[in-house]
Amino acid sequence: MKKTGMACMALVALMTAALGGTAMAKEAYNTGAAEIGMPVREMEISWESGSVTIATHAAETVRIEEKSLFSLEERKQVHWKLENGELKILSHEPGLTSLFGNKKKDLKVWLPETLVLDELEIAVASASVNGVFPARELEIASSSGAIHGTTEANEIEIATASGAIGLTHTGTAEKVALATSSGKTECVLGTVRKFEASSASGRFDLKVAELTEKFKLETASGQTDVAFGAVSGKVGIGSASGKVTLTYPEGTGFTAKIKTASGKVRCEFPCIVEGRTYTAGDGSVQTEIDTASGSVTLACAK
């Protein structure tokens, strides 16, 4: 499956490649709703506007449905093809000249409840993405539109130019990467080895059951709240403006270097304070917080 790199420019390139194409490419696709009984290992969805929903059912088939308030000629109906276990779904016929030319319509894909895809990739121009994402590797990119869902994926990459991100993750993830230009990011995550996130503007509200290696978050503006159930390794938060609250479990040992041009620092742990360095317990969790303006709180979860 082709990777997008999670950048907005890459998103446009991906959708142009998927929804453009030659006459030979058009002939390779089936049209309209379908019930697919063949094995599916990977799935790639490219959709323009409306919504994309992934759900599960008891059947051993993959079902594709679309709904629209308008009558759709065949070339504007959902197109799909299955090759070597990879299912590709497009919002319309490849080769239509206008990327945003379709009316809004809704796609719903039903997967067997026992199926875990090797890879699930969703790219949308102006559509919401919702549901369950049963895949080992998950990649979602959106120009605009909210993204909400649940997953147990081992690798997660989500990017949106504008729109909220809401994710519930259970299990263990090797890597989680989130990027948004604007919009609230609210996630509840299981065990994560490496986490990185960035935002131009928008609030972060993150709860991580366990961090085992590295956490990095950068935001230009907006409030940041991060809470860990257990933590080891390194934690870094950078914010140009906005309040930062970092919550560690009671008894956590950390060394926190805090730089703030304006704003108060409050630490709820028994700490040794030397200049801008706050040390609690054995000082093992290396923590850096850099903010130009806004208060910083090192909170203790009891």
# chains A, B, ... in the order shown; residues from 1 in each chain; ligands from 1
$ select_by_dssp --residues "region 70-264 of chain A" --states "strand (DSSP E)" --output "VMD selection string"
chain A and resid 79 to 83 86 to 90 105 to 112 117 to 133 135 to 144 147 to 151 155 to 162 165 to 169 172 to 182 185 to 201 204 to 221 224 to 228 234 to 241 244 to 249 254 to 262
$ closest_atom_pairs --of "region 207-302 of chain A" --to "region 170-181 of chain A" --cutoff "12 Å" --atoms "only C-alpha atoms" --output "tab-separated table"
residue	atom	partner	partner_atom	distance
A:Lys207	CA	A:Thr170	CA	11.7
A:Val208	CA	A:Thr170	CA	10.1
A:Ala209	CA	A:Thr170	CA	9.1
A:Glu210	CA	A:Thr172	CA	9.1
A:Leu211	CA	A:Ala173	CA	9.9
A:Thr212	CA	A:Glu174	CA	9.6
A:Glu213	CA	A:Glu174	CA	9.8
A:Lys214	CA	A:Lys175	CA	9.6
A:Phe215	CA	A:Val176	CA	9.6
A:Lys216	CA	A:Ala177	CA	9.6
A:Leu217	CA	A:Leu178	CA	9.3
A:Glu218	CA	A:Ala179	CA	9.6
A:Thr219	CA	A:Ser181	CA	9.4
A:Ala220	CA	A:Ser181	CA	9.6
A:Ser221	CA	A:Ser181	CA	10.5
A:Gly222	CA	A:Ser181	CA	11.5
$ residues_around --residues "region 295-301 of chain A" --least-positions-apart "4" --cutoff "9 Å" --atoms "only C-alpha atoms" --output "ChimeraX atom specification"
/A:227-229,242-252,256,258,260,262-269,289,291
$ atom_distance --atom1 "CA of Phe254 (chain A)" --atom2 "CA of Ser232 (chain A)"
9.1 Å
$ atom_distance --atom1 "CA of Ser199 (chain A)" --atom2 "CA of Ser162 (chain A)"
10.1 Å
$ residues_around --residues "region 31-47 of chain A" --least-positions-apart "3" --cutoff "6 Å" --atoms "only C-alpha atoms" --output "PyMOL selection string"
chain A and resi 61-65+77-79+85-91+117-124
$ closest_residue --among "A:Ala159, A:Val273, A:Ala240, A:Ala55" --to "Phe133 (chain A)" --atoms "only C-alpha atoms"
A:Ala55
$ residues_around --residues "Thr255 (chain A)" --least-positions-apart "4" --cutoff "10 Å" --atoms "only C-alpha atoms" --output "list in words"
Lys234, Cys271, Ile272, Val273, Thr277, Tyr278, Thr279, Ala280, Gly281, Asp282, Gly283, Ser284, Val285, Gln286, Thr287 and Glu288 of chain A
$ atom_distance --atom1 "CA of Ser144 (chain A)" --atom2 "CA of Gly163 (chain A)"
5.6 Å
$ closest_residue --among "A:Glu66, A:Glu196, A:Glu83, A:Glu152" --to "Val116 (chain A)" --atoms "only C-alpha atoms"
A:Glu152
